[in-house]
file structure_23.txt (compact mmCIF, N, CA and C atoms)
# COMPACT_ATOMS: atom_id res chain seq x y z
N MET A 194 0.84 -1.18 0.00
CA MET A 194 0.00 0.00 0.00
C MET A 194 0.88 1.23 0.00
N GLN A 195 0.40 2.23 -0.72
CA GLN A 195 1.08 3.52 -0.75
C GLN A 195 0.09 4.56 -0.25
N ILE A 196 0.58 5.45 0.63
CA ILE A 196 -0.27 6.52 1.16
C ILE A 196 0.33 7.85 0.74
N ASN A 197 -0.50 8.69 0.14
CA ASN A 197 -0.10 10.06 -0.22
C ASN A 197 -1.02 11.02 0.51
N VAL A 198 -0.43 11.92 1.29
CA VAL A 198 -1.21 12.92 2.01
C VAL A 198 -1.01 14.25 1.31
N ARG A 199 -2.11 14.82 0.83
CA ARG A 199 -2.09 16.10 0.14
C ARG A 199 -2.60 17.16 1.12
N GLU A 200 -1.65 17.84 1.76
CA GLU A 200 -1.99 18.81 2.80
C GLU A 200 -2.85 19.95 2.27
N LYS A 201 -2.48 20.53 1.13
CA LYS A 201 -3.20 21.69 0.60
C LYS A 201 -4.67 21.38 0.31
N SER A 202 -4.92 20.25 -0.30
CA SER A 202 -6.29 19.90 -0.68
C SER A 202 -6.99 19.06 0.37
N LYS A 203 -6.27 18.69 1.44
CA LYS A 203 -6.83 17.88 2.53
C LYS A 203 -7.40 16.56 1.99
N VAL A 204 -6.57 15.89 1.19
CA VAL A 204 -6.94 14.59 0.62
C VAL A 204 -5.86 13.58 0.98
N VAL A 205 -6.30 12.39 1.35
CA VAL A 205 -5.39 11.28 1.61
C VAL A 205 -5.69 10.21 0.57
N GLU A 206 -4.67 9.80 -0.16
CA GLU A 206 -4.82 8.76 -1.17
C GLU A 206 -4.23 7.47 -0.64
N LEU A 207 -5.01 6.41 -0.69
CA LEU A 207 -4.52 5.07 -0.35
C LEU A 207 -4.54 4.24 -1.62
N TRP A 208 -3.38 3.79 -2.03
CA TRP A 208 -3.25 2.99 -3.25
C TRP A 208 -3.01 1.54 -2.85
N LEU A 209 -3.96 0.66 -3.17
CA LEU A 209 -3.86 -0.74 -2.78
C LEU A 209 -3.45 -1.61 -3.96
N THR A 210 -2.64 -2.61 -3.66
CA THR A 210 -2.26 -3.59 -4.67
C THR A 210 -3.42 -4.56 -4.89
N ARG A 211 -3.31 -5.41 -5.88
CA ARG A 211 -4.35 -6.41 -6.14
C ARG A 211 -4.54 -7.32 -4.93
N GLU A 212 -3.42 -7.75 -4.33
CA GLU A 212 -3.50 -8.63 -3.17
C GLU A 212 -4.20 -7.94 -2.01
N GLU A 213 -3.85 -6.68 -1.77
CA GLU A 213 -4.44 -5.93 -0.66
C GLU A 213 -5.93 -5.69 -0.87
N LYS A 214 -6.32 -5.38 -2.09
CA LYS A 214 -7.73 -5.08 -2.34
C LYS A 214 -8.60 -6.31 -2.17
N ASN A 215 -8.02 -7.50 -2.36
CA ASN A 215 -8.78 -8.74 -2.24
C ASN A 215 -8.69 -9.37 -0.85
N ASP A 216 -8.02 -8.71 0.08
CA ASP A 216 -7.83 -9.25 1.42
C ASP A 216 -8.79 -8.54 2.39
N PRO A 217 -9.88 -9.21 2.80
CA PRO A 217 -10.86 -8.57 3.68
C PRO A 217 -10.27 -8.10 5.02
N GLU A 218 -9.36 -8.87 5.57
CA GLU A 218 -8.74 -8.48 6.85
C GLU A 218 -7.91 -7.21 6.68
N PHE A 219 -7.17 -7.13 5.59
CA PHE A 219 -6.38 -5.92 5.34
C PHE A 219 -7.29 -4.72 5.16
N ARG A 220 -8.36 -4.89 4.38
CA ARG A 220 -9.29 -3.78 4.15
C ARG A 220 -9.91 -3.31 5.46
N GLU A 221 -10.22 -4.25 6.33
CA GLU A 221 -10.78 -3.91 7.65
C GLU A 221 -9.76 -3.15 8.49
N SER A 222 -8.49 -3.48 8.33
CA SER A 222 -7.44 -2.82 9.12
C SER A 222 -7.25 -1.35 8.72
N LEU A 223 -7.84 -0.94 7.62
CA LEU A 223 -7.71 0.45 7.17
C LEU A 223 -8.68 1.40 7.87
N LYS A 224 -9.68 0.86 8.53
CA LYS A 224 -10.70 1.71 9.16
C LYS A 224 -10.13 2.74 10.13
N PRO A 225 -9.14 2.39 10.96
CA PRO A 225 -8.57 3.43 11.84
C PRO A 225 -7.93 4.59 11.06
N ILE A 226 -7.36 4.28 9.91
CA ILE A 226 -6.78 5.34 9.07
C ILE A 226 -7.89 6.26 8.57
N TYR A 227 -8.99 5.65 8.10
CA TYR A 227 -10.13 6.46 7.64
C TYR A 227 -10.61 7.37 8.76
N GLN A 228 -10.78 6.81 9.95
CA GLN A 228 -11.30 7.58 11.08
C GLN A 228 -10.34 8.70 11.49
N GLN A 229 -9.05 8.39 11.50
CA GLN A 229 -8.04 9.38 11.89
C GLN A 229 -8.11 10.61 10.97
N TYR A 230 -8.12 10.37 9.67
CA TYR A 230 -8.12 11.48 8.73
C TYR A 230 -9.49 12.16 8.64
N LYS A 231 -10.55 11.41 8.81
CA LYS A 231 -11.88 12.00 8.81
C LYS A 231 -12.00 12.99 9.97
N ALA A 232 -11.43 12.64 11.11
CA ALA A 232 -11.46 13.52 12.27
C ALA A 232 -10.70 14.82 12.00
N GLN A 233 -9.73 14.76 11.09
CA GLN A 233 -8.96 15.95 10.71
C GLN A 233 -9.57 16.66 9.50
N LYS A 234 -10.76 16.21 9.12
CA LYS A 234 -11.50 16.79 7.98
C LYS A 234 -10.79 16.60 6.63
N TYR A 235 -10.16 15.45 6.48
CA TYR A 235 -9.56 15.06 5.21
C TYR A 235 -10.52 14.15 4.47
N LEU A 236 -10.44 14.19 3.15
CA LEU A 236 -11.14 13.23 2.31
C LEU A 236 -10.19 12.07 2.06
N VAL A 237 -10.65 10.85 2.31
CA VAL A 237 -9.81 9.68 2.08
C VAL A 237 -10.28 9.02 0.78
N ALA A 238 -9.37 8.91 -0.18
CA ALA A 238 -9.66 8.27 -1.46
C ALA A 238 -8.86 6.98 -1.56
N VAL A 239 -9.57 5.88 -1.82
CA VAL A 239 -8.93 4.58 -1.92
C VAL A 239 -8.91 4.17 -3.39
N PHE A 240 -7.72 3.90 -3.90
CA PHE A 240 -7.55 3.47 -5.29
C PHE A 240 -7.17 2.00 -5.29
N LEU A 241 -7.94 1.22 -6.05
CA LEU A 241 -7.74 -0.22 -6.10
C LEU A 241 -7.09 -0.59 -7.43
N SER A 242 -6.10 -1.44 -7.34
CA SER A 242 -5.43 -1.91 -8.54
C SER A 242 -6.43 -2.67 -9.40
N GLY A 243 -6.39 -2.39 -10.69
CA GLY A 243 -7.33 -3.04 -11.61
C GLY A 243 -6.75 -4.27 -12.26
N GLU A 244 -7.56 -4.85 -13.11
CA GLU A 244 -7.17 -6.09 -13.80
C GLU A 244 -6.78 -5.82 -15.25
N GLU A 245 -7.10 -4.65 -15.76
CA GLU A 245 -6.84 -4.33 -17.15
C GLU A 245 -5.48 -3.64 -17.30
N ASN A 246 -5.03 -3.53 -18.54
CA ASN A 246 -3.78 -2.87 -18.85
C ASN A 246 -3.97 -1.36 -18.73
N LEU A 247 -3.26 -0.73 -17.80
CA LEU A 247 -3.44 0.70 -17.53
C LEU A 247 -3.11 1.54 -18.76
N TYR A 248 -2.02 1.22 -19.45
CA TYR A 248 -1.63 1.99 -20.62
C TYR A 248 -2.74 1.97 -21.67
N GLU A 249 -3.22 0.78 -22.00
CA GLU A 249 -4.24 0.66 -23.05
C GLU A 249 -5.54 1.35 -22.65
N GLN A 250 -5.96 1.19 -21.42
CA GLN A 250 -7.20 1.80 -20.96
C GLN A 250 -7.10 3.33 -20.97
N THR A 251 -5.96 3.85 -20.54
CA THR A 251 -5.76 5.31 -20.52
C THR A 251 -5.71 5.84 -21.95
N ARG A 252 -4.99 5.14 -22.83
CA ARG A 252 -4.92 5.54 -24.24
C ARG A 252 -6.30 5.58 -24.86
N ASP A 253 -7.09 4.53 -24.64
CA ASP A 253 -8.43 4.47 -25.21
C ASP A 253 -9.31 5.60 -24.69
N LEU A 254 -9.19 5.90 -23.41
CA LEU A 254 -9.98 6.99 -22.83
C LEU A 254 -9.58 8.34 -23.42
N LEU A 255 -8.29 8.57 -23.57
CA LEU A 255 -7.83 9.83 -24.16
C LEU A 255 -8.26 9.95 -25.62
N LEU A 256 -8.18 8.86 -26.36
CA LEU A 256 -8.63 8.89 -27.76
C LEU A 256 -10.13 9.17 -27.85
N TYR A 257 -10.91 8.53 -26.99
CA TYR A 257 -12.34 8.77 -26.97
C TYR A 257 -12.63 10.23 -26.66
N ASN A 258 -11.98 10.77 -25.65
CA ASN A 258 -12.21 12.17 -25.26
C ASN A 258 -11.82 13.13 -26.37
N ARG A 259 -10.72 12.85 -27.06
CA ARG A 259 -10.30 13.70 -28.18
C ARG A 259 -11.33 13.66 -29.30
N ARG A 260 -11.80 12.46 -29.63
CA ARG A 260 -12.79 12.30 -30.69
C ARG A 260 -14.10 13.00 -30.31
N ARG A 261 -14.52 12.83 -29.09
CA ARG A 261 -15.77 13.46 -28.61
C ARG A 261 -15.65 14.98 -28.62
N SER A 262 -14.51 15.48 -28.23
CA SER A 262 -14.28 16.93 -28.25
C SER A 262 -14.35 17.46 -29.67
N ALA A 263 -13.76 16.75 -30.61
CA ALA A 263 -13.79 17.17 -32.02
C ALA A 263 -15.23 17.14 -32.54
N GLU A 264 -16.00 16.12 -32.17
CA GLU A 264 -17.39 16.03 -32.60
C GLU A 264 -18.20 17.21 -32.06
N LYS A 265 -17.98 17.55 -30.81
CA LYS A 265 -18.70 18.69 -30.21
C LYS A 265 -18.32 19.99 -30.90
N GLU A 266 -17.06 20.15 -31.27
CA GLU A 266 -16.61 21.36 -31.95
C GLU A 266 -17.27 21.47 -33.32
N VAL A 267 -17.35 20.37 -34.05
CA VAL A 267 -18.00 20.37 -35.37
C VAL A 267 -19.48 20.73 -35.20
N GLN A 268 -20.13 20.15 -34.19
CA GLN A 268 -21.53 20.45 -33.94
C GLN A 268 -21.72 21.93 -33.60
N ARG A 269 -20.83 22.48 -32.79
CA ARG A 269 -20.91 23.89 -32.41
C ARG A 269 -20.76 24.78 -33.65
N GLN A 270 -19.82 24.44 -34.54
CA GLN A 270 -19.62 25.22 -35.75
C GLN A 270 -20.85 25.16 -36.66
N LYS A 271 -21.46 23.98 -36.76
CA LYS A 271 -22.67 23.84 -37.58
C LYS A 271 -23.79 24.70 -37.01
N GLU A 272 -23.94 24.70 -35.69
CA GLU A 272 -24.98 25.52 -35.06
C GLU A 272 -24.74 27.00 -35.31
N MET A 273 -23.47 27.41 -35.25
CA MET A 273 -23.14 28.81 -35.51
C MET A 273 -23.46 29.18 -36.96
N GLN A 274 -23.18 28.28 -37.90
CA GLN A 274 -23.49 28.54 -39.30
C GLN A 274 -24.99 28.65 -39.51
N MET A 275 -25.76 27.78 -38.86
CA MET A 275 -27.21 27.82 -38.99
C MET A 275 -27.76 29.13 -38.43
N GLU A 276 -27.24 29.59 -37.31
CA GLU A 276 -27.66 30.85 -36.74
C GLU A 276 -27.32 32.00 -37.67
N SER A 277 -26.15 31.94 -38.28
CA SER A 277 -25.72 32.98 -39.20
C SER A 277 -26.64 33.05 -40.41
N VAL A 278 -27.03 31.91 -40.94
CA VAL A 278 -27.94 31.84 -42.10
C VAL A 278 -29.32 32.38 -41.72
N MET A 279 -29.78 32.06 -40.54
CA MET A 279 -31.11 32.49 -40.11
C MET A 279 -31.15 34.00 -39.87
N ILE A 280 -30.05 34.58 -39.43
CA ILE A 280 -29.98 36.02 -39.18
C ILE A 280 -30.02 36.79 -40.49
N GLN A 281 -29.41 36.27 -41.53
CA GLN A 281 -29.35 36.96 -42.82
C GLN A 281 -30.64 36.81 -43.47

call {"tool": "encode", "arguments": {"input": "structure_23.txt", "output": "structure tokens"}}
result
Amino acid sequence: MQINVREKSKVVELWLTREEKNDPEFRESLKPIYQQYKAQKYLVAVFLSGEENLYEQTRDLLLYNRRRSAEKEVQRQKEMQMESVMIQ
């Protein structure tokens, strides 16, 4: 497990390995950490190791977002052209 404490944003990140995320006793042992930081008004974020390839999943998400952004831009330009035609 890796713990990152972000003082400025009052966030605590707990990064669990695959073994840790699947261990109920280990997960239960984290409760005192949650309580400690909650008492200090921190947000505790738990990140669980996944089963998929991180590189491929991140690449696919970025490609999707880029494509979606381009589609929205084309739609916005079409709407602006239609408004321009209607005004004339």

call {"tool": "atom_distance", "arguments": {"input": "structure_23.txt", "atom1": "atom CA of Glu213 of chain A", "atom2": "atom CA of Lys201 of chain A"}}
result
27.7 Å

call {"tool": "closest_residue", "arguments": {"input": "structure_23.txt", "among": "A:Ile280, A:Val237, A:Leu209, A:Val204", "to": "Pro225 of chain A", "atoms": "only C-alpha atoms"}}
result
A:Val237

call {"tool": "select_by_dssp", "arguments": {"input": "structure_23.txt", "residues": "chain A", "states": "helix (DSSP H, G or I)", "output": "VMD selection string"}}
result
chain A and resid 211 to 214 217 to 222 224 to 232 247 to 280

call {"tool": "atom_distance", "arguments": {"input": "structure_23.txt", "atom1": "atom N of Glu206 of chain A", "atom2": "atom CA of Phe240 of chain A"}}
result
8.6 Å

call {"tool": "atom_distance", "arguments": {"input": "structure_23.txt", "atom1": "atom C of Gly243 of chain A", "atom2": "atom C of Asn215 of chain A"}}
result
12.6 Å

call {"tool": "select_by_dssp", "arguments": {"input": "structure_23.txt", "residues": "segment 223-263 of chain A", "states": "strand (DSSP E or B)", "output": "number ranges by chain"}}
result
A: 236-241

call {"tool": "residues_around", "arguments": {"input": "structure_23.txt", "residues": "Ile196 of chain A", "least_positions_apart": "3", "cutoff": "10 Å", "atoms": "only C-alpha atoms", "output": "JSON, numbers by chain"}}
result
{"A": [199, 205, 206, 207, 208, 209, 238, 239]}

call {"tool": "residues_around", "arguments": {"input": "structure_23.txt", "residues": "Thr210 of chain A", "least_positions_apart": "6", "cutoff": "6 Å", "atoms": "all atoms listed in the file", "output": "ChimeraX atom specification"}}
result
/A:194,241-242

call {"tool": "write_last_selection", "arguments": {"input": "structure_23.txt", "atoms": "N, CA and C atoms", "output": "compact mmCIF listing (two decimals), in the coordinates of the input"}}
result
# COMPACT_ATOMS: atom_id res chain seq x y z
N MET A 194 0.84 -1.18 0.00
CA MET A 194 0.00 0.00 0.00
C MET A 194 0.88 1.23 0.00
N LEU A 241 -7.94 1.22 -6.05
CA LEU A 241 -7.74 -0.22 -6.10
C LEU A 241 -7.09 -0.59 -7.43
N SER A 242 -6.10 -1.44 -7.34
CA SER A 242 -5.43 -1.91 -8.54
C SER A 242 -6.43 -2.67 -9.40

call {"tool": "closest_residue", "arguments": {"input": "structure_23.txt", "among": "A:Glu266, A:Asn258, A:Lys203, A:Glu249", "to": "Leu236 of chain A", "atoms": "all atoms listed in the file"}}
result
A:Lys203

call {"tool": "closest_residue", "arguments": {"input": "structure_23.txt", "among": "A:Met275, A:Tyr235, A:Thr251, A:Glu244", "to": "Arg211 of chain A", "atoms": "only C-alpha atoms"}}
result
A:Glu244

call {"tool": "build_atoms", "arguments": {"input": "structure_23.txt", "residues": "segment 196-207 of chain A", "atoms": "all heavy atoms", "output": "PDB file, in the coordinates of the input"}}
result
ATOM      1  N   ILE A 196       0.580   5.450   0.630  1.00  0.00           N
ATOM      2  CA  ILE A 196      -0.270   6.520   1.160  1.00  0.00           C
ATOM      3  C   ILE A 196       0.330   7.850   0.740  1.00  0.00           C
ATOM      4  O   ILE A 196       1.512   8.108   0.963  1.00  0.00           O
ATOM      5  CB  ILE A 196      -0.355   6.455   2.695  1.00  0.00           C
ATOM      6  CG1 ILE A 196      -0.958   5.133   3.148  1.00  0.00           C
ATOM      7  CG2 ILE A 196      -1.172   7.630   3.230  1.00  0.00           C
ATOM      8  CD1 ILE A 196      -1.004   4.961   4.655  1.00  0.00           C
ATOM      9  N   ASN A 197      -0.500   8.690   0.140  1.00  0.00           N
ATOM     10  CA  ASN A 197      -0.100  10.060  -0.220  1.00  0.00           C
ATOM     11  C   ASN A 197      -1.020  11.020   0.510  1.00  0.00           C
ATOM     12  O   ASN A 197      -2.243  10.943   0.363  1.00  0.00           O
ATOM     13  CB  ASN A 197      -0.227  10.303  -1.735  1.00  0.00           C
ATOM     14  CG  ASN A 197       0.696   9.411  -2.527  1.00  0.00           C
ATOM     15  OD1 ASN A 197       1.793   9.102  -2.109  1.00  0.00           O
ATOM     16  ND2 ASN A 197       0.235   8.997  -3.692  1.00  0.00           N
ATOM     17  N   VAL A 198      -0.430  11.920   1.290  1.00  0.00           N
ATOM     18  CA  VAL A 198      -1.210  12.920   2.010  1.00  0.00           C
ATOM     19  C   VAL A 198      -1.010  14.250   1.310  1.00  0.00           C
ATOM     20  O   VAL A 198       0.111  14.747   1.206  1.00  0.00           O
ATOM     21  CB  VAL A 198      -0.773  13.010   3.498  1.00  0.00           C
ATOM     22  CG1 VAL A 198      -1.585  14.067   4.222  1.00  0.00           C
ATOM     23  CG2 VAL A 198      -0.913  11.651   4.171  1.00  0.00           C
ATOM     24  N   ARG A 199      -2.110  14.820   0.830  1.00  0.00           N
ATOM     25  CA  ARG A 199      -2.090  16.100   0.140  1.00  0.00           C
ATOM     26  C   ARG A 199      -2.600  17.160   1.120  1.00  0.00           C
ATOM     27  O   ARG A 199      -3.805  17.319   1.313  1.00  0.00           O
ATOM     28  CB  ARG A 199      -2.993  16.060  -1.092  1.00  0.00           C
ATOM     29  CG  ARG A 199      -2.769  14.844  -1.967  1.00  0.00           C
ATOM     30  CD  ARG A 199      -1.795  15.113  -3.053  1.00  0.00           C
ATOM     31  NE  ARG A 199      -1.668  13.932  -3.901  1.00  0.00           N
ATOM     32  CZ  ARG A 199      -0.535  13.548  -4.412  1.00  0.00           C
ATOM     33  NH1 ARG A 199       0.563  14.233  -4.172  1.00  0.00           N
ATOM     34  NH2 ARG A 199      -0.470  12.486  -5.179  1.00  0.00           N
ATOM     35  N   GLU A 200      -1.650  17.840   1.760  1.00  0.00           N
ATOM     36  CA  GLU A 200      -1.990  18.810   2.800  1.00  0.00           C
ATOM     37  C   GLU A 200      -2.850  19.950   2.270  1.00  0.00           C
ATOM     38  O   GLU A 200      -3.851  20.307   2.899  1.00  0.00           O
ATOM     39  CB  GLU A 200      -0.709  19.398   3.426  1.00  0.00           C
ATOM     40  CG  GLU A 200       0.183  18.376   4.110  1.00  0.00           C
ATOM     41  CD  GLU A 200      -0.381  17.851   5.415  1.00  0.00           C
ATOM     42  OE1 GLU A 200      -1.231  18.535   6.010  1.00  0.00           O
ATOM     43  OE2 GLU A 200       0.030  16.758   5.829  1.00  0.00           O
ATOM     44  N   LYS A 201      -2.480  20.530   1.130  1.00  0.00           N
ATOM     45  CA  LYS A 201      -3.200  21.690   0.600  1.00  0.00           C
ATOM     46  C   LYS A 201      -4.670  21.380   0.310  1.00  0.00           C
ATOM     47  O   LYS A 201      -5.547  22.179   0.613  1.00  0.00           O
ATOM     48  CB  LYS A 201      -2.537  22.221  -0.661  1.00  0.00           C
ATOM     49  CG  LYS A 201      -1.233  22.937  -0.418  1.00  0.00           C
ATOM     50  CD  LYS A 201      -0.679  23.500  -1.705  1.00  0.00           C
ATOM     51  CE  LYS A 201       0.631  24.215  -1.475  1.00  0.00           C
ATOM     52  NZ  LYS A 201       1.190  24.737  -2.727  1.00  0.00           N
ATOM     53  N   SER A 202      -4.920  20.250  -0.300  1.00  0.00           N
ATOM     54  CA  SER A 202      -6.290  19.900  -0.680  1.00  0.00           C
ATOM     55  C   SER A 202      -6.990  19.060   0.370  1.00  0.00           C
ATOM     56  O   SER A 202      -8.175  18.722   0.201  1.00  0.00           O
ATOM     57  CB  SER A 202      -6.295  19.170  -2.023  1.00  0.00           C
ATOM     58  OG  SER A 202      -5.489  18.019  -1.958  1.00  0.00           O
ATOM     59  N   LYS A 203      -6.270  18.690   1.440  1.00  0.00           N
ATOM     60  CA  LYS A 203      -6.830  17.880   2.530  1.00  0.00           C
ATOM     61  C   LYS A 203      -7.400  16.560   1.990  1.00  0.00           C
ATOM     62  O   LYS A 203      -8.529  16.177   2.287  1.00  0.00           O
ATOM     63  CB  LYS A 203      -7.860  18.654   3.324  1.00  0.00           C
ATOM     64  CG  LYS A 203      -7.251  19.870   4.029  1.00  0.00           C
ATOM     65  CD  LYS A 203      -8.127  20.451   5.080  1.00  0.00           C
ATOM     66  CE  LYS A 203      -8.135  19.683   6.333  1.00  0.00           C
ATOM     67  NZ  LYS A 203      -7.266  19.989   7.401  1.00  0.00           N
ATOM     68  N   VAL A 204      -6.570  15.890   1.190  1.00  0.00           N
ATOM     69  CA  VAL A 204      -6.940  14.590   0.620  1.00  0.00           C
ATOM     70  C   VAL A 204      -5.860  13.580   0.980  1.00  0.00           C
ATOM     71  O   VAL A 204      -4.669  13.875   0.921  1.00  0.00           O
ATOM     72  CB  VAL A 204      -7.080  14.673  -0.914  1.00  0.00           C
ATOM     73  CG1 VAL A 204      -7.277  13.299  -1.529  1.00  0.00           C
ATOM     74  CG2 VAL A 204      -8.216  15.600  -1.296  1.00  0.00           C
ATOM     75  N   VAL A 205      -6.300  12.390   1.350  1.00  0.00           N
ATOM     76  CA  VAL A 205      -5.390  11.280   1.610  1.00  0.00           C
ATOM     77  C   VAL A 205      -5.690  10.210   0.570  1.00  0.00           C
ATOM     78  O   VAL A 205      -6.827   9.780   0.424  1.00  0.00           O
ATOM     79  CB  VAL A 205      -5.571  10.700   3.025  1.00  0.00           C
ATOM     80  CG1 VAL A 205      -4.669   9.495   3.243  1.00  0.00           C
ATOM     81  CG2 VAL A 205      -5.305  11.756   4.073  1.00  0.00           C
ATOM     82  N   GLU A 206      -4.670   9.800  -0.160  1.00  0.00           N
ATOM     83  CA  GLU A 206      -4.820   8.760  -1.170  1.00  0.00           C
ATOM     84  C   GLU A 206      -4.230   7.470  -0.640  1.00  0.00           C
ATOM     85  O   GLU A 206      -3.076   7.442  -0.194  1.00  0.00           O
ATOM     86  CB  GLU A 206      -4.078   9.136  -2.448  1.00  0.00           C
ATOM     87  CG  GLU A 206      -4.540  10.423  -3.077  1.00  0.00           C
ATOM     88  CD  GLU A 206      -3.631  10.867  -4.210  1.00  0.00           C
ATOM     89  OE1 GLU A 206      -2.557  10.248  -4.426  1.00  0.00           O
ATOM     90  OE2 GLU A 206      -3.973  11.839  -4.887  1.00  0.00           O
ATOM     91  N   LEU A 207      -5.010   6.410  -0.690  1.00  0.00           N
ATOM     92  CA  LEU A 207      -4.520   5.070  -0.350  1.00  0.00           C
ATOM     93  C   LEU A 207      -4.540   4.240  -1.620  1.00  0.00           C
ATOM     94  O   LEU A 207      -5.591   4.044  -2.227  1.00  0.00           O
ATOM     95  CB  LEU A 207      -5.423   4.419   0.707  1.00  0.00           C
ATOM     96  CG  LEU A 207      -5.624   5.171   2.011  1.00  0.00           C
ATOM     97  CD1 LEU A 207      -6.600   4.422   2.903  1.00  0.00           C
ATOM     98  CD2 LEU A 207      -4.312   5.383   2.724  1.00  0.00           C
TER      99      LEU A 207
END
